>>> print(open('final20.cif').read())   # mmCIF, C-alpha atoms
data_entry
#
loop_
_atom_site.label_atom_id
_atom_site.label_comp_id
_atom_site.auth_asym_id
_atom_site.auth_seq_id
_atom_site.Cartn_x
_atom_site.Cartn_y
_atom_site.Cartn_z
CA MET A 1412 -16.75 -26.72 -16.74
CA THR A 1413 -13.06 -26.72 -17.62
CA SER A 1414 -10.64 -25.15 -15.16
CA ASN A 1415 -7.44 -23.78 -16.67
CA ARG A 1416 -5.76 -21.63 -14.04
CA THR A 1417 -6.02 -20.91 -10.34
CA ALA A 1418 -4.54 -18.53 -7.78
CA GLU A 1419 -5.03 -18.42 -4.00
CA ILE A 1420 -4.69 -15.75 -1.35
CA ALA A 1421 -5.25 -15.56 2.40
CA TRP A 1422 -6.07 -12.32 4.25
CA GLN A 1423 -5.91 -11.32 7.89
CA ALA A 1424 -8.23 -8.57 9.13
CA LEU A 1425 -6.45 -5.59 10.68
CA ASP A 1426 -9.48 -3.87 12.24
CA ARG A 1427 -11.04 -6.88 14.02
CA GLU A 1428 -10.71 -10.62 14.48
CA GLY A 1429 -11.02 -12.15 11.06
CA ARG A 1430 -9.50 -13.97 8.15
CA ASP A 1431 -10.48 -14.88 4.64
CA LYS A 1432 -9.13 -17.33 2.11
CA CYS A 1433 -10.02 -17.07 -1.55
CA ARG A 1434 -9.29 -19.04 -4.68
CA LEU A 1435 -9.60 -17.65 -8.20
CA VAL A 1436 -10.48 -20.32 -10.76
CA GLN A 1437 -10.65 -19.82 -14.50
CA GLU A 1438 -13.54 -21.59 -16.16
CA ASP A 1439 -15.13 -21.62 -19.58
CA GLY A 1440 -16.41 -18.11 -20.30
CA GLY A 1441 -15.04 -16.44 -17.19
CA TRP A 1442 -13.85 -16.85 -13.62
CA MET A 1443 -15.02 -17.86 -10.16
CA LEU A 1444 -13.91 -16.50 -6.79
CA ILE A 1445 -14.44 -19.16 -4.12
CA GLY A 1446 -13.91 -17.90 -0.59
CA HIS A 1447 -14.26 -18.68 3.08
CA ALA A 1448 -14.49 -15.69 5.46
CA ARG A 1449 -14.37 -16.05 9.24
CA PHE A 1450 -14.75 -12.85 11.29
CA ARG A 1451 -16.50 -11.01 14.10
CA ALA A 1452 -19.20 -8.48 13.24
CA ASP A 1453 -21.46 -6.67 15.68
CA GLY A 1454 -20.24 -8.92 18.50
CA MET A 1455 -21.08 -12.11 16.60
CA ASP A 1456 -18.87 -14.82 15.12
CA CYS A 1457 -19.51 -15.14 11.38
CA ALA A 1458 -18.54 -17.98 9.06
CA LEU A 1459 -19.49 -17.19 5.47
CA ASP A 1460 -18.65 -18.95 2.24
CA TYR A 1461 -19.00 -17.17 -1.08
CA VAL A 1462 -18.82 -17.94 -4.77
CA VAL A 1463 -18.67 -15.01 -7.18
CA ARG A 1464 -18.95 -15.70 -10.91
CA VAL A 1465 -17.61 -13.19 -13.43
CA ASP A 1466 -17.57 -13.15 -17.20
CA ALA A 1467 -14.49 -12.96 -19.42
CA ASP A 1468 -14.57 -9.13 -19.18
CA TRP A 1469 -14.46 -9.27 -15.35
CA MET A 1470 -18.07 -8.14 -14.89
CA THR A 1471 -20.00 -9.85 -12.10
CA ARG A 1472 -22.65 -12.33 -13.16
CA SER A 1473 -23.67 -13.67 -9.73
CA ALA A 1474 -22.69 -14.14 -6.10
CA ASP A 1475 -23.82 -16.84 -3.68
CA ILE A 1476 -23.22 -16.26 0.03
CA SER A 1477 -24.05 -18.80 2.72
CA GLY A 1478 -23.18 -19.49 6.32
CA LEU A 1479 -23.80 -18.21 9.83
CA CYS A 1480 -23.52 -14.91 11.68
CA GLY A 1481 -24.13 -15.64 15.30
CA ARG A 1482 -27.17 -17.91 15.25
CA ASP A 1483 -28.57 -16.39 12.07
CA GLU A 1484 -28.29 -18.47 8.94
CA MET A 1485 -27.60 -16.72 5.68
CA ALA A 1486 -28.16 -18.03 2.19
CA THR A 1487 -28.57 -15.52 -0.61
CA ARG A 1488 -28.05 -15.33 -4.35
CA ILE A 1489 -27.34 -12.01 -6.03
CA GLU A 1490 -27.45 -11.87 -9.83
CA ARG A 1491 -26.83 -9.30 -12.56
CA GLY A 1492 -28.88 -9.86 -15.67
CA GLU A 1493 -30.18 -7.89 -18.62
CA GLY A 1494 -33.08 -6.67 -16.50
CA GLY A 1495 -30.80 -5.47 -13.69
CA TRP A 1496 -29.81 -6.89 -10.32
CA THR A 1497 -31.84 -9.33 -8.23
CA ARG A 1498 -31.40 -10.75 -4.76
CA ASP A 1499 -33.07 -14.11 -4.27
CA GLY A 1500 -35.15 -13.30 -7.35
CA VAL A 1501 -36.33 -9.90 -6.06
CA PRO A 1502 -35.39 -6.90 -8.26
CA GLN A 1503 -32.87 -4.48 -6.70
CA PRO A 1504 -33.39 -1.25 -8.71
CA GLN A 1505 -31.31 0.81 -6.26
CA VAL A 1506 -28.14 -0.79 -7.71
CA ASN A 1507 -29.06 -0.62 -11.39
CA GLY A 1508 -26.04 0.33 -13.48
CA ALA A 1509 -23.64 -1.55 -11.20
CA THR A 1510 -21.10 -3.79 -12.93
CA ASP A 1511 -19.65 -5.42 -9.82
CA ILE A 1512 -20.61 -6.97 -6.52
CA ASP A 1513 -18.80 -5.66 -3.44
CA LEU A 1514 -19.04 -7.93 -0.41
CA GLY A 1515 -18.16 -5.72 2.55
CA PHE A 1516 -16.74 -8.61 4.59
CA THR A 1517 -13.94 -9.48 2.11
CA PRO A 1518 -11.38 -7.68 -0.06
CA ALA A 1519 -11.82 -10.41 -2.71
CA THR A 1520 -14.42 -8.48 -4.68
CA ASN A 1521 -12.02 -5.60 -5.40
CA LEU A 1522 -10.47 -8.02 -7.89
CA MET A 1523 -12.99 -7.43 -10.69
CA PRO A 1524 -12.49 -3.67 -11.15
CA LEU A 1525 -8.75 -4.07 -10.54
CA ARG A 1526 -8.60 -6.57 -13.40
CA ARG A 1527 -10.28 -4.00 -15.68
CA LEU A 1528 -7.97 -1.17 -14.59
CA PRO A 1529 -5.67 -0.04 -17.43
CA GLU A 1530 -1.89 0.17 -16.89
CA ILE A 1531 -2.15 3.95 -17.09
CA GLY A 1532 -5.27 5.75 -15.97
CA GLN A 1533 -8.30 5.04 -13.88
CA ILE A 1534 -11.73 3.48 -13.94
CA GLU A 1535 -14.96 4.40 -12.24
CA ALA A 1536 -17.26 1.55 -11.36
CA ARG A 1537 -20.54 1.28 -9.52
CA ALA A 1538 -20.86 -1.79 -7.31
CA ALA A 1539 -23.87 -3.52 -5.82
CA TRP A 1540 -22.56 -3.30 -2.25
CA LEU A 1541 -23.48 -5.65 0.57
CA PRO A 1542 -21.99 -3.64 3.48
CA SER A 1543 -22.56 -6.38 6.06
CA PRO A 1544 -24.00 -9.90 5.98
CA GLY A 1545 -27.56 -9.01 6.98
CA ALA A 1546 -27.78 -5.69 5.13
CA GLY A 1547 -29.57 -4.80 1.93
CA LEU A 1548 -27.77 -3.98 -1.30
CA GLU A 1549 -26.65 -0.39 -1.76
CA PRO A 1550 -24.90 1.44 -4.62
CA LEU A 1551 -21.20 2.09 -4.08
CA ASP A 1552 -19.46 4.39 -6.57
CA GLN A 1553 -15.77 3.52 -6.71
CA THR A 1554 -12.71 4.96 -8.42
CA TYR A 1555 -9.48 3.01 -8.98
CA ARG A 1556 -6.42 4.89 -10.25
CA ARG A 1557 -2.89 3.57 -10.80
CA ALA A 1558 -0.35 5.30 -8.58
CA ARG A 1559 3.43 5.09 -8.27
CA GLY A 1560 5.23 2.18 -6.65
CA GLY A 1561 2.70 -0.47 -7.63
CA LEU A 1562 -0.11 1.13 -5.63
CA VAL A 1563 -3.68 1.72 -6.71
CA HIS A 1564 -5.53 4.70 -5.27
CA TYR A 1565 -9.05 3.63 -4.29
CA ALA A 1566 -11.92 5.93 -3.37
CA ALA A 1567 -15.56 5.17 -2.58
CA ALA A 1568 -17.96 8.11 -2.67
CA GLN A 1569 -20.67 6.82 -0.31
CA THR A 1570 -18.26 5.78 2.47
CA GLY A 1571 -15.69 8.57 2.12
CA THR A 1572 -12.94 5.94 1.85
CA ALA A 1573 -9.72 7.00 0.11
CA VAL A 1574 -6.65 4.74 0.44
CA ASP A 1575 -3.71 3.44 -1.53
CA LEU A 1576 -4.04 -0.31 -2.03
CA LYS A 1577 -1.11 -2.66 -2.63
CA VAL A 1578 -2.06 -5.08 -5.38
CA ASP A 1579 -0.28 -8.21 -6.65
CA GLY A 1580 0.14 -9.37 -10.25
CA GLU A 1581 -3.16 -11.29 -10.24
CA GLY A 1582 -5.05 -8.18 -9.12
CA PHE A 1583 -5.58 -9.29 -5.52
CA VAL A 1584 -5.32 -6.64 -2.81
CA THR A 1585 -2.37 -7.52 -0.55
CA LEU A 1586 -2.71 -4.48 1.69
CA TYR A 1587 -5.88 -2.52 2.34
CA PRO A 1588 -4.56 -0.11 5.00
CA GLY A 1589 -6.37 -0.44 8.30
CA PHE A 1590 -8.54 -3.32 7.11
CA TRP A 1591 -6.77 -6.26 5.42
CA GLU A 1592 -3.34 -7.71 4.79
CA GLY A 1593 -2.92 -10.66 2.46
CA ARG A 1594 -0.38 -13.05 1.04
CA ARG A 1595 -0.55 -15.37 -1.91
CA THR A 1596 -0.76 -19.03 -0.96
CA GLY A 1597 -0.89 -20.55 -4.41
#
>>> encode(input="final20.cif", output="structure tokens")
Amino acid sequence: MTSNRTAEIAWQALDREGRDKCRLVQEDGGWMLIGHARFRADGMDCALDYVVRVDADWMTRSADISGLCGRDEMATRIERGEGGWTRDGVPQPQVNGATDIDLGFTPATNLMPLRRLPEIGQIEARAAWLPSPGAGLEPLDQTYRRARGGLVHYAAAQTGTAVDLKVDGEGFVTLYPGFWEGRRTG
């Protein structure tokens, strides 16, 4: 594995106690997001680490999530292959057709569709969504559209979310109104 380029960002949660730090690393044939999220969910302290691997076209290949939520240990591998999505080797047909992973506990995974977003226009992308650490995967249909002033309008059909995201030059979300605020650290 040859690393060529990296970028780092740190986020602070706006809707609860929480923070996340993520590093984007270029490697042969694609990229890796390596993150460390610390937050409260359902009255429990959670400490989760994640590694998301994407190909050169910014499509998710796999995600590994491990850590603790309260006293519950979590270790899971989610993969997208030619046969569809699997979680710990078990097929996940409910998210077939998804190109991305969306980890509900971090804004890091918005990066992949944002990297595919054209300078003018919009994209629609289905994500394999993990809404919370212990949940099952669900489909999440998302739309990203460039707006004025460096904003990107984001909408998610299943959650009813519609917000204008501030995004930096790497494609990281620096403001997800009501949820996350971030700043580049490297």
>>> atom_distance(input="final20.cif", atom1="CA of Glu1490 in chain A", atom2="CA of Ala1474 in chain A")
6.5 Å
>>> resolve_selection(input="final20.cif", expression="the PyMOL selection byres ((chain A and resi 1417) around 7)", output="MDAnalysis selection string")
chainID A and resid 1416 1418:1419 1434:1437
>>> resolve_selection(input="final20.cif", expression="the PyMOL selection byres ((chain A and resi 1488) around 9)", output="MDAnalysis selection string")
chainID A and resid 1473:1477 1486:1487 1489:1490 1497:1500
>>> write_last_selection(input="final20.cif", atoms="C-alpha atoms", output="PDB file, in the coordinates of the input")
ATOM      1  CA  SER A1473     -23.670 -13.670  -9.730  1.00  0.00           C
ATOM      2  CA  ALA A1474     -22.690 -14.140  -6.100  1.00  0.00           C
ATOM      3  CA  ASP A1475     -23.820 -16.840  -3.680  1.00  0.00           C
ATOM      4  CA  ILE A1476     -23.220 -16.260   0.030  1.00  0.00           C
ATOM      5  CA  SER A1477     -24.050 -18.800   2.720  1.00  0.00           C
ATOM      6  CA  ALA A1486     -28.160 -18.030   2.190  1.00  0.00           C
ATOM      7  CA  THR A1487     -28.570 -15.520  -0.610  1.00  0.00           C
ATOM      8  CA  ILE A1489     -27.340 -12.010  -6.030  1.00  0.00           C
ATOM      9  CA  GLU A1490     -27.450 -11.870  -9.830  1.00  0.00           C
ATOM     10  CA  THR A1497     -31.840  -9.330  -8.230  1.00  0.00           C
ATOM     11  CA  ARG A1498     -31.400 -10.750  -4.760  1.00  0.00           C
ATOM     12  CA  ASP A1499     -33.070 -14.110  -4.270  1.00  0.00           C
ATOM     13  CA  GLY A1500     -35.150 -13.300  -7.350  1.00  0.00           C
TER      14      GLY A1500
END
>>> atom_distance(input="final20.cif", atom1="CA of Arg1594 in chain A", atom2="CA of Ala1519 in chain A")
12.3 Å
>>> closest_residue(input="final20.cif", among="A:Gly1454, A:Gly1492, A:Gly1545, A:Met1443", to="Phe1516 in chain A", atoms="all atoms listed in the file")
A:Gly1545
>>> resolve_selection(input="final20.cif", expression="the PyMOL selection byres ((chain A and resi 1431) around 6)", output="mmCIF file with C-alpha atoms, in the frame of the given file")
data_model
loop_
_atom_site.group_PDB
_atom_site.id
_atom_site.type_symbol
_atom_site.label_atom_id
_atom_site.label_comp_id
_atom_site.auth_asym_id
_atom_site.auth_seq_id
_atom_site.Cartn_x
_atom_site.Cartn_y
_atom_site.Cartn_z
ATOM 1 C CA ALA A 1421 -5.250 -15.560 2.400
ATOM 2 C CA TRP A 1422 -6.070 -12.320 4.250
ATOM 3 C CA ARG A 1430 -9.500 -13.970 8.150
ATOM 4 C CA LYS A 1432 -9.130 -17.330 2.110
ATOM 5 C CA HIS A 1447 -14.260 -18.680 3.080
ATOM 6 C CA ALA A 1448 -14.490 -15.690 5.460
#
>>> closest_residue(input="final20.cif", among="A:Cys1457, A:Ala1558, A:Asp1511, A:Thr1596", to="Cys1433 in chain A", atoms="all atoms listed in the file")
A:Thr1596
